[in-house]
$ cat query_5.pdb   # PDB, C-alpha atoms and all ligand atoms
ATOM      1  CA  MET N   3     233.984  75.600  42.164  1.00  0.00           C
ATOM      2  CA  GLU N   4     235.972  78.825  41.800  1.00  0.00           C
ATOM      3  CA  ASP N   5     237.819  79.245  38.490  1.00  0.00           C
ATOM      4  CA  PRO N   6     241.481  79.843  39.441  1.00  0.00           C
ATOM      5  CA  ASP N   7     242.027  81.932  36.280  1.00  0.00           C
ATOM      6  CA  LYS N   8     239.148  84.208  37.089  1.00  0.00           C
ATOM      7  CA  LYS N   9     239.990  87.418  38.913  1.00  0.00           C
ATOM      8  CA  ILE N  10     237.440  88.259  41.576  1.00  0.00           C
ATOM      9  CA  ARG N  11     236.643  91.972  41.420  1.00  0.00           C
ATOM     10  CA  VAL N  12     236.359  93.719  44.748  1.00  0.00           C
ATOM     11  CA  LEU N  13     235.883  97.345  45.726  1.00  0.00           C
ATOM     12  CA  CYS N  14     237.371  98.685  48.965  1.00  0.00           C
ATOM     13  CA  LEU N  15     235.515 101.723  50.284  1.00  0.00           C
ATOM     14  CA  GLY N  16     235.324 103.674  53.515  1.00  0.00           C
ATOM     15  CA  PRO N  17     236.022 107.120  54.914  1.00  0.00           C
ATOM     16  CA  LYS N  18     239.397 108.822  54.537  1.00  0.00           C
ATOM     17  CA  GLY N  19     241.959 107.500  57.016  1.00  0.00           C
ATOM     18  CA  SER N  20     239.909 104.452  58.022  1.00  0.00           C
ATOM     19  CA  GLY N  21     242.772 102.075  57.118  1.00  0.00           C
ATOM     20  CA  LYS N  22     241.920 100.877  53.595  1.00  0.00           C
ATOM     21  CA  THR N  23     245.444 101.203  52.184  1.00  0.00           C
ATOM     22  CA  THR N  24     247.003  99.646  55.290  1.00  0.00           C
ATOM     23  CA  LEU N  25     244.595  96.698  55.193  1.00  0.00           C
ATOM     24  CA  LEU N  26     245.174  96.023  51.474  1.00  0.00           C
ATOM     25  CA  LYS N  27     248.957  96.308  51.748  1.00  0.00           C
ATOM     26  CA  LYS N  28     248.853  93.841  54.636  1.00  0.00           C
ATOM     27  CA  LEU N  29     246.713  91.421  52.652  1.00  0.00           C
ATOM     28  CA  GLN N  30     249.162  91.715  49.753  1.00  0.00           C
ATOM     29  CA  ASP N  31     252.296  91.225  51.805  1.00  0.00           C
ATOM     30  CA  ALA N  32     251.743  90.742  55.532  1.00  0.00           C
ATOM     31  CA  GLU N  33     255.473  90.482  56.266  1.00  0.00           C
ATOM     32  CA  GLY N  34     256.742  93.222  53.998  1.00  0.00           C
ATOM     33  CA  ILE N  35     254.669  96.170  55.178  1.00  0.00           C
ATOM     34  CA  ASP N  36     256.773  99.028  56.459  1.00  0.00           C
ATOM     35  CA  ASN N  37     254.997 100.321  59.564  1.00  0.00           C
ATOM     36  CA  THR N  38     257.147 103.436  59.576  1.00  0.00           C
ATOM     37  CA  TYR N  39     255.863 104.615  56.207  1.00  0.00           C
ATOM     38  CA  SER N  40     254.236 107.981  56.164  1.00  0.00           C
ATOM     39  CA  PRO N  41     250.727 107.471  54.825  1.00  0.00           C
ATOM     40  CA  VAL N  42     249.595 109.606  51.949  1.00  0.00           C
ATOM     41  CA  PRO N  43     245.835 109.931  51.460  1.00  0.00           C
ATOM     42  CA  THR N  44     244.780 108.007  48.379  1.00  0.00           C
ATOM     43  CA  ILE N  45     244.146 110.426  45.540  1.00  0.00           C
ATOM     44  CA  GLY N  46     241.897 108.775  42.979  1.00  0.00           C
ATOM     45  CA  THR N  47     242.075 105.000  43.148  1.00  0.00           C
ATOM     46  CA  ASN N  48     244.661 102.280  43.850  1.00  0.00           C
ATOM     47  CA  ILE N  49     244.557  98.727  42.503  1.00  0.00           C
ATOM     48  CA  TYR N  50     245.884  95.782  44.531  1.00  0.00           C
ATOM     49  CA  ASP N  51     246.192  92.229  43.212  1.00  0.00           C
ATOM     50  CA  ILE N  52     245.991  89.869  46.194  1.00  0.00           C
ATOM     51  CA  HIS N  53     247.050  86.257  45.625  1.00  0.00           C
ATOM     52  CA  TYR N  54     245.904  83.437  47.871  1.00  0.00           C
ATOM     53  CA  LEU N  55     245.159  79.730  47.837  1.00  0.00           C
ATOM     54  CA  ASN N  56     241.447  78.969  47.638  1.00  0.00           C
ATOM     55  CA  LYS N  57     239.722  76.210  49.577  1.00  0.00           C
ATOM     56  CA  HIS N  58     240.758  73.687  46.871  1.00  0.00           C
ATOM     57  CA  GLY N  59     244.422  74.702  47.244  1.00  0.00           C
ATOM     58  CA  LYS N  60     244.476  76.490  43.852  1.00  0.00           C
ATOM     59  CA  LYS N  61     246.026  79.908  43.337  1.00  0.00           C
ATOM     60  CA  GLN N  62     243.397  82.631  43.087  1.00  0.00           C
ATOM     61  CA  THR N  63     243.712  86.363  42.552  1.00  0.00           C
ATOM     62  CA  VAL N  64     241.414  89.036  43.889  1.00  0.00           C
ATOM     63  CA  THR N  65     241.704  92.450  42.303  1.00  0.00           C
ATOM     64  CA  VAL N  66     240.789  95.095  44.825  1.00  0.00           C
ATOM     65  CA  ARG N  67     240.260  98.697  43.837  1.00  0.00           C
ATOM     66  CA  GLU N  68     240.544 101.173  46.676  1.00  0.00           C
ATOM     67  CA  VAL N  69     238.641 104.392  46.097  1.00  0.00           C
ATOM     68  CA  GLY N  70     239.677 107.310  48.302  1.00  0.00           C
ATOM     69  CA  GLY N  71     237.221 108.524  50.947  1.00  0.00           C
ATOM     70  CA  GLU N  72     237.159 112.019  49.415  1.00  0.00           C
ATOM     71  CA  MET N  73     235.702 110.440  46.298  1.00  0.00           C
ATOM     72  CA  ALA N  74     232.571 109.146  48.068  1.00  0.00           C
ATOM     73  CA  PRO N  75     230.238 111.155  45.767  1.00  0.00           C
ATOM     74  CA  LEU N  76     231.811 109.275  42.841  1.00  0.00           C
ATOM     75  CA  TRP N  77     231.792 105.754  44.347  1.00  0.00           C
ATOM     76  CA  ASN N  78     228.823 104.722  42.215  1.00  0.00           C
ATOM     77  CA  ASN N  79     230.997 105.134  39.088  1.00  0.00           C
ATOM     78  CA  TYR N  80     233.055 102.110  40.187  1.00  0.00           C
ATOM     79  CA  LEU N  81     230.287  99.606  40.904  1.00  0.00           C
ATOM     80  CA  ASP N  82     229.870  97.899  37.523  1.00  0.00           C
ATOM     81  CA  GLY N  83     231.068  94.275  37.542  1.00  0.00           C
ATOM     82  CA  ILE N  84     231.894  94.366  41.246  1.00  0.00           C
ATOM     83  CA  GLU N  85     231.303  91.075  43.066  1.00  0.00           C
ATOM     84  CA  LYS N  86     232.202  92.060  46.607  1.00  0.00           C
ATOM     85  CA  VAL N  87     232.678  95.235  48.589  1.00  0.00           C
ATOM     86  CA  VAL N  88     234.898  95.619  51.627  1.00  0.00           C
ATOM     87  CA  PHE N  89     233.805  98.651  53.632  1.00  0.00           C
ATOM     88  CA  VAL N  90     236.427  99.738  56.149  1.00  0.00           C
ATOM     89  CA  VAL N  91     235.431 101.651  59.279  1.00  0.00           C
ATOM     90  CA  ASP N  92     237.792 102.917  61.972  1.00  0.00           C
ATOM     91  CA  THR N  93     235.643 102.148  65.004  1.00  0.00           C
ATOM     92  CA  SER N  94     238.052 104.040  67.270  1.00  0.00           C
ATOM     93  CA  ASN N  95     237.316 107.285  65.413  1.00  0.00           C
ATOM     94  CA  LEU N  96     234.067 108.374  67.060  1.00  0.00           C
ATOM     95  CA  CYS N  97     234.026 111.654  65.094  1.00  0.00           C
ATOM     96  CA  GLN N  98     233.822 109.754  61.835  1.00  0.00           C
ATOM     97  CA  ILE N  99     231.605 106.829  62.715  1.00  0.00           C
ATOM     98  CA  SER N 100     228.195 108.386  62.002  1.00  0.00           C
ATOM     99  CA  ALA N 101     229.435 109.757  58.655  1.00  0.00           C
ATOM    100  CA  ALA N 102     230.737 106.245  57.866  1.00  0.00           C
ATOM    101  CA  ALA N 103     227.282 104.804  58.647  1.00  0.00           C
ATOM    102  CA  VAL N 104     225.574 107.267  56.278  1.00  0.00           C
ATOM    103  CA  LEU N 105     228.025 106.346  53.494  1.00  0.00           C
ATOM    104  CA  PHE N 106     227.497 102.634  54.202  1.00  0.00           C
ATOM    105  CA  TYR N 107     223.687 102.807  54.102  1.00  0.00           C
ATOM    106  CA  THR N 108     223.802 104.904  50.918  1.00  0.00           C
ATOM    107  CA  LEU N 109     225.912 102.146  49.409  1.00  0.00           C
ATOM    108  CA  LEU N 110     223.541  99.398  50.567  1.00  0.00           C
ATOM    109  CA  ALA N 111     220.673 101.175  48.779  1.00  0.00           C
ATOM    110  CA  GLU N 112     222.538 100.999  45.448  1.00  0.00           C
ATOM    111  CA  PRO N 113     220.630  98.560  43.161  1.00  0.00           C
ATOM    112  CA  ARG N 114     223.819  97.513  41.314  1.00  0.00           C
ATOM    113  CA  LEU N 115     225.118  96.003  44.553  1.00  0.00           C
ATOM    114  CA  TYR N 116     222.121  93.760  45.179  1.00  0.00           C
ATOM    115  CA  LYS N 117     224.117  90.810  43.807  1.00  0.00           C
ATOM    116  CA  SER N 118     227.301  91.727  45.698  1.00  0.00           C
ATOM    117  CA  LYS N 119     228.251  90.716  49.175  1.00  0.00           C
ATOM    118  CA  VAL N 120     229.041  93.768  51.242  1.00  0.00           C
ATOM    119  CA  PHE N 121     231.354  92.844  54.087  1.00  0.00           C
ATOM    120  CA  PRO N 122     231.728  95.474  56.766  1.00  0.00           C
ATOM    121  CA  THR N 123     235.333  95.224  58.002  1.00  0.00           C
ATOM    122  CA  MET N 124     235.689  96.721  61.433  1.00  0.00           C
ATOM    123  CA  ILE N 125     239.128  98.072  62.290  1.00  0.00           C
TER     124      ILE N 125
HETATM  125  N1  LIG X   1     246.632 101.752  65.093  1.00  0.00           N
HETATM  126  C1  LIG X   1     246.251 101.466  63.860  1.00  0.00           C
HETATM  127  N2  LIG X   1     246.502 102.386  62.911  1.00  0.00           N
HETATM  128  C2  LIG X   1     246.112 102.087  61.659  1.00  0.00           C
HETATM  129  C3  LIG X   1     245.469 100.863  61.321  1.00  0.00           C
HETATM  130  N3  LIG X   1     245.178 100.878  59.995  1.00  0.00           N
HETATM  131  C4  LIG X   1     245.591 102.079  59.543  1.00  0.00           C
HETATM  132  N4  LIG X   1     246.191 102.799  60.532  1.00  0.00           N
HETATM  133  C5  LIG X   1     246.769 104.136  60.412  1.00  0.00           C
HETATM  134  O1  LIG X   1     245.725 105.059  60.028  1.00  0.00           O
HETATM  135  C6  LIG X   1     246.235 106.005  59.099  1.00  0.00           C
HETATM  136  C7  LIG X   1     245.424 106.012  57.805  1.00  0.00           C
HETATM  137  O2  LIG X   1     245.548 104.745  57.174  1.00  0.00           O
HETATM  138  P1  LIG X   1     245.345 104.517  55.623  1.00  0.00           P
HETATM  139  O3  LIG X   1     245.517 103.037  55.416  1.00  0.00           O
HETATM  140  O4  LIG X   1     246.176 105.436  54.790  1.00  0.00           O
HETATM  141  O5  LIG X   1     243.800 104.928  55.464  1.00  0.00           O
HETATM  142  P2  LIG X   1     242.920 105.107  54.131  1.00  0.00           P
HETATM  143  O6  LIG X   1     242.795 106.596  53.883  1.00  0.00           O
HETATM  144  O7  LIG X   1     241.560 104.517  54.465  1.00  0.00           O
HETATM  145  O8  LIG X   1     243.589 104.384  53.011  1.00  0.00           O
HETATM  146  C8  LIG X   1     247.705 105.639  58.881  1.00  0.00           C
HETATM  147  O9  LIG X   1     248.476 106.462  59.738  1.00  0.00           O
HETATM  148  C9  LIG X   1     247.804 104.193  59.300  1.00  0.00           C
HETATM  149  O10 LIG X   1     249.099 103.856  59.748  1.00  0.00           O
HETATM  150  C10 LIG X   1     245.248  99.899  62.367  1.00  0.00           C
HETATM  151  O11 LIG X   1     244.701  98.819  62.176  1.00  0.00           O
HETATM  152  N5  LIG X   1     245.662 100.276  63.617  1.00  0.00           N
HETATM  153 MG    MG X   2     244.191 105.016  51.146  1.00  0.00          MG
END

$ encode --input "query_5.pdb" --output "structure tokens"
Amino acid sequence: MEDPDKKIRVLCLGPKGSGKTTLLKKLQDAEGIDNTYSPVPTIGTNIYDIHYLNKHGKKQTVTVREVGGEMAPLWNNYLDGIEKVVFVVDTSNLCQISAAAVLFYTLLAEPRLYKSKVFPTMI
């Protein structure tokens, strides 16, 4: 059974502009997101605490760190202690899709992620 006091540590990766920030803001506050906001590319990393009720009805928090797409060469610095990875791909951006696949397969080959569950999130 999940420990409600335990924060699940998640990494959110994907190319620049694939929708990572939008997805995480929506998960944090689906109603409150301002669709007119002018997106600013994530410089460095952002942390989002997402609260939800687990399958036993207990409050649970997932801490998601978004790492900007420009920082792909440095992604492996953020893998320690990570339990899950959400990899966001903009499937409507055909120019970016093969680069996204290369980044994704590079990530899958990372030994520190063998215990993690990598969930491709198609947007
Ligand atoms: N149409 C559409 N636009 C989106 C979606 N998600 C993100 N965007 C837009 O794509 C742009 C980049 O999104 P952002 O979340 O900043 O990408 P990030 O660089 O991966 O964090 C922004 O203009 C968003 O409004 C989506 O699901 N549908
Ligand atoms: Mg972002």

$ resolve_selection --input "query_5.pdb" --expression "the PyMOL selection byres (((chain N and resi 25) around 12) and not hetatm)" --output "NGL selection string"
:N and (14-16 or 19-24 or 26-32 or 35 or 37 or 50 or 52 or 66 or 68 or 88-92 or 123-125)

$ write_last_selection --input "query_5.pdb" --atoms "C-alpha atoms" --output "mmCIF file, keeping the file's coordinate frame"
data_model
loop_
_atom_site.group_PDB
_atom_site.id
_atom_site.type_symbol
_atom_site.label_atom_id
_atom_site.label_comp_id
_atom_site.auth_asym_id
_atom_site.auth_seq_id
_atom_site.Cartn_x
_atom_site.Cartn_y
_atom_site.Cartn_z
ATOM 1 C CA CYS N 14 237.371 98.685 48.965
ATOM 2 C CA LEU N 15 235.515 101.723 50.284
ATOM 3 C CA GLY N 16 235.324 103.674 53.515
ATOM 4 C CA GLY N 19 241.959 107.500 57.016
ATOM 5 C CA SER N 20 239.909 104.452 58.022
ATOM 6 C CA GLY N 21 242.772 102.075 57.118
ATOM 7 C CA LYS N 22 241.920 100.877 53.595
ATOM 8 C CA THR N 23 245.444 101.203 52.184
ATOM 9 C CA THR N 24 247.003 99.646 55.290
ATOM 10 C CA LEU N 26 245.174 96.023 51.474
ATOM 11 C CA LYS N 27 248.957 96.308 51.748
ATOM 12 C CA LYS N 28 248.853 93.841 54.636
ATOM 13 C CA LEU N 29 246.713 91.421 52.652
ATOM 14 C CA GLN N 30 249.162 91.715 49.753
ATOM 15 C CA ASP N 31 252.296 91.225 51.805
ATOM 16 C CA ALA N 32 251.743 90.742 55.532
ATOM 17 C CA ILE N 35 254.669 96.170 55.178
ATOM 18 C CA ASN N 37 254.997 100.321 59.564
ATOM 19 C CA TYR N 50 245.884 95.782 44.531
ATOM 20 C CA ILE N 52 245.991 89.869 46.194
ATOM 21 C CA VAL N 66 240.789 95.095 44.825
ATOM 22 C CA GLU N 68 240.544 101.173 46.676
ATOM 23 C CA VAL N 88 234.898 95.619 51.627
ATOM 24 C CA PHE N 89 233.805 98.651 53.632
ATOM 25 C CA VAL N 90 236.427 99.738 56.149
ATOM 26 C CA VAL N 91 235.431 101.651 59.279
ATOM 27 C CA ASP N 92 237.792 102.917 61.972
ATOM 28 C CA THR N 123 235.333 95.224 58.002
ATOM 29 C CA MET N 124 235.689 96.721 61.433
ATOM 30 C CA ILE N 125 239.128 98.072 62.290
#

$ residues_around --input "query_5.pdb" --residues "Ala101 of chain N" --least-positions-apart "4" --cutoff "12 Å" --atoms "all atoms listed in the file" --output "PyMOL selection string"
chain N and resi 16-18+20+71+74+91-93+95-97+105-108

$ closest_residue --input "query_5.pdb" --among "N:Ala103, N:Leu115, N:Leu110, N:Ile84" --to "Lys9 of chain N" --atoms "only C-alpha atoms"
N:Ile84

$ closest_residue --input "query_5.pdb" --among "N:His58, N:Thr65, N:Gly46, N:Asp51" --to "Val87 of chain N" --atoms "only C-alpha atoms"
N:Thr65

$ atom_distance --input "query_5.pdb" --atom1 "atom CA of Lys86 of chain N" --atom2 "atom O4 of ligand LIG 1 (chain X)"
21.0 Å

$ atom_distance --input "query_5.pdb" --atom1 "atom O5 of ligand LIG 1 (chain X)" --atom2 "atom CA of Gly83 of chain N"
24.4 Å

$ atom_distance --input "query_5.pdb" --atom1 "atom C5 of ligand LIG 1 (chain X)" --atom2 "atom CA of Thr47 of chain N"
17.9 Å

$ axis_aligned_box --input "query_5.pdb" --around "ligand LIG 1 (chain X)" --padding-each-side "3 Å" --output "AutoDock Vina command-line options"
--center_x 245.3 --center_y 102.7 --center_z 59.1 --size_x 13.5 --size_y 13.8 --size_z 18.1

$ closest_residue --input "query_5.pdb" --among "N:Gln62, N:Val104, N:Leu76, N:Ser94" --to "ligand LIG 1 (chain X)" --atoms "all atoms listed in the file"
N:Ser94

$ resolve_selection --input "query_5.pdb" --expression "the PyMOL selection byres (((chain N and resi 82) around 12) and not hetatm)" --output "PyMOL selection string"
chain N and resi 11-13+77-81+83-87+112-118

$ closest_residue --input "query_5.pdb" --among "N:Val64, N:Gly70, N:Ile49, N:Ile99" --to "ligand MG 2 (chain X)" --atoms "all atoms listed in the file"
N:Gly70

$ build_atoms --input "query_5.pdb" --residues "segment 90-116 of chain N" --atoms "N, CA and C atoms" --output "PDB file, in the coordinates of the input"
ATOM      1  N   VAL N  90     235.551  99.642  54.973  1.00  0.00           N
ATOM      2  CA  VAL N  90     236.427  99.738  56.149  1.00  0.00           C
ATOM      3  C   VAL N  90     236.000 100.916  57.025  1.00  0.00           C
ATOM      4  N   VAL N  91     235.824 100.611  58.315  1.00  0.00           N
ATOM      5  CA  VAL N  91     235.431 101.651  59.279  1.00  0.00           C
ATOM      6  C   VAL N  91     236.438 101.638  60.424  1.00  0.00           C
ATOM      7  N   ASP N  92     236.926 102.808  60.795  1.00  0.00           N
ATOM      8  CA  ASP N  92     237.792 102.917  61.972  1.00  0.00           C
ATOM      9  C   ASP N  92     236.877 103.138  63.179  1.00  0.00           C
ATOM     10  N   THR N  93     236.617 102.058  63.902  1.00  0.00           N
ATOM     11  CA  THR N  93     235.643 102.148  65.004  1.00  0.00           C
ATOM     12  C   THR N  93     236.199 102.919  66.199  1.00  0.00           C
ATOM     13  N   SER N  94     237.508 103.245  66.164  1.00  0.00           N
ATOM     14  CA  SER N  94     238.052 104.040  67.270  1.00  0.00           C
ATOM     15  C   SER N  94     237.883 105.534  66.999  1.00  0.00           C
ATOM     16  N   ASN N  95     237.466 105.870  65.772  1.00  0.00           N
ATOM     17  CA  ASN N  95     237.316 107.285  65.413  1.00  0.00           C
ATOM     18  C   ASN N  95     235.845 107.678  65.560  1.00  0.00           C
ATOM     19  N   LEU N  96     235.487 108.116  66.773  1.00  0.00           N
ATOM     20  CA  LEU N  96     234.067 108.374  67.060  1.00  0.00           C
ATOM     21  C   LEU N  96     233.545 109.584  66.294  1.00  0.00           C
ATOM     22  N   CYS N  97     234.457 110.480  65.867  1.00  0.00           N
ATOM     23  CA  CYS N  97     234.026 111.654  65.094  1.00  0.00           C
ATOM     24  C   CYS N  97     233.538 111.236  63.710  1.00  0.00           C
ATOM     25  N   GLN N  98     234.068 110.123  63.232  1.00  0.00           N
ATOM     26  CA  GLN N  98     233.822 109.754  61.835  1.00  0.00           C
ATOM     27  C   GLN N  98     232.747 108.674  61.685  1.00  0.00           C
ATOM     28  N   ILE N  99     232.370 108.069  62.820  1.00  0.00           N
ATOM     29  CA  ILE N  99     231.605 106.829  62.715  1.00  0.00           C
ATOM     30  C   ILE N  99     230.189 107.053  62.156  1.00  0.00           C
ATOM     31  N   SER N 100     229.562 108.186  62.519  1.00  0.00           N
ATOM     32  CA  SER N 100     228.195 108.386  62.002  1.00  0.00           C
ATOM     33  C   SER N 100     228.252 108.713  60.517  1.00  0.00           C
ATOM     34  N   ALA N 101     229.287 109.461  60.092  1.00  0.00           N
ATOM     35  CA  ALA N 101     229.435 109.757  58.655  1.00  0.00           C
ATOM     36  C   ALA N 101     229.681 108.453  57.894  1.00  0.00           C
ATOM     37  N   ALA N 102     230.465 107.537  58.510  1.00  0.00           N
ATOM     38  CA  ALA N 102     230.737 106.245  57.866  1.00  0.00           C
ATOM     39  C   ALA N 102     229.435 105.460  57.702  1.00  0.00           C
ATOM     40  N   ALA N 103     228.557 105.538  58.716  1.00  0.00           N
ATOM     41  CA  ALA N 103     227.282 104.804  58.647  1.00  0.00           C
ATOM     42  C   ALA N 103     226.411 105.343  57.521  1.00  0.00           C
ATOM     43  N   VAL N 104     226.389 106.667  57.352  1.00  0.00           N
ATOM     44  CA  VAL N 104     225.574 107.267  56.278  1.00  0.00           C
ATOM     45  C   VAL N 104     226.099 106.797  54.917  1.00  0.00           C
ATOM     46  N   LEU N 105     227.425 106.803  54.763  1.00  0.00           N
ATOM     47  CA  LEU N 105     228.025 106.346  53.494  1.00  0.00           C
ATOM     48  C   LEU N 105     227.686 104.873  53.244  1.00  0.00           C
ATOM     49  N   PHE N 106     227.744 104.070  54.323  1.00  0.00           N
ATOM     50  CA  PHE N 106     227.497 102.634  54.202  1.00  0.00           C
ATOM     51  C   PHE N 106     226.047 102.358  53.794  1.00  0.00           C
ATOM     52  N   TYR N 107     225.096 103.046  54.432  1.00  0.00           N
ATOM     53  CA  TYR N 107     223.687 102.807  54.102  1.00  0.00           C
ATOM     54  C   TYR N 107     223.355 103.322  52.704  1.00  0.00           C
ATOM     55  N   THR N 108     224.002 104.398  52.290  1.00  0.00           N
ATOM     56  CA  THR N 108     223.802 104.904  50.918  1.00  0.00           C
ATOM     57  C   THR N 108     224.256 103.838  49.924  1.00  0.00           C
ATOM     58  N   LEU N 109     225.366 103.193  50.270  1.00  0.00           N
ATOM     59  CA  LEU N 109     225.912 102.146  49.409  1.00  0.00           C
ATOM     60  C   LEU N 109     224.973 100.938  49.358  1.00  0.00           C
ATOM     61  N   LEU N 110     224.440 100.565  50.520  1.00  0.00           N
ATOM     62  CA  LEU N 110     223.541  99.398  50.567  1.00  0.00           C
ATOM     63  C   LEU N 110     222.285  99.609  49.719  1.00  0.00           C
ATOM     64  N   ALA N 111     221.891 100.878  49.536  1.00  0.00           N
ATOM     65  CA  ALA N 111     220.673 101.175  48.779  1.00  0.00           C
ATOM     66  C   ALA N 111     220.932 101.159  47.270  1.00  0.00           C
ATOM     67  N   GLU N 112     222.177 100.951  46.872  1.00  0.00           N
ATOM     68  CA  GLU N 112     222.538 100.999  45.448  1.00  0.00           C
ATOM     69  C   GLU N 112     222.101  99.700  44.749  1.00  0.00           C
ATOM     70  N   PRO N 113     221.153  99.780  43.803  1.00  0.00           N
ATOM     71  CA  PRO N 113     220.630  98.560  43.161  1.00  0.00           C
ATOM     72  C   PRO N 113     221.712  97.692  42.514  1.00  0.00           C
ATOM     73  N   ARG N 114     222.787  98.321  41.991  1.00  0.00           N
ATOM     74  CA  ARG N 114     223.819  97.513  41.314  1.00  0.00           C
ATOM     75  C   ARG N 114     224.585  96.612  42.280  1.00  0.00           C
ATOM     76  N   LEU N 115     224.416  96.835  43.575  1.00  0.00           N
ATOM     77  CA  LEU N 115     225.118  96.003  44.553  1.00  0.00           C
ATOM     78  C   LEU N 115     224.244  94.897  45.117  1.00  0.00           C
ATOM     79  N   TYR N 116     223.002  94.780  44.612  1.00  0.00           N
ATOM     80  CA  TYR N 116     222.121  93.760  45.179  1.00  0.00           C
ATOM     81  C   TYR N 116     222.715  92.361  45.056  1.00  0.00           C
TER      82      TYR N 116
END
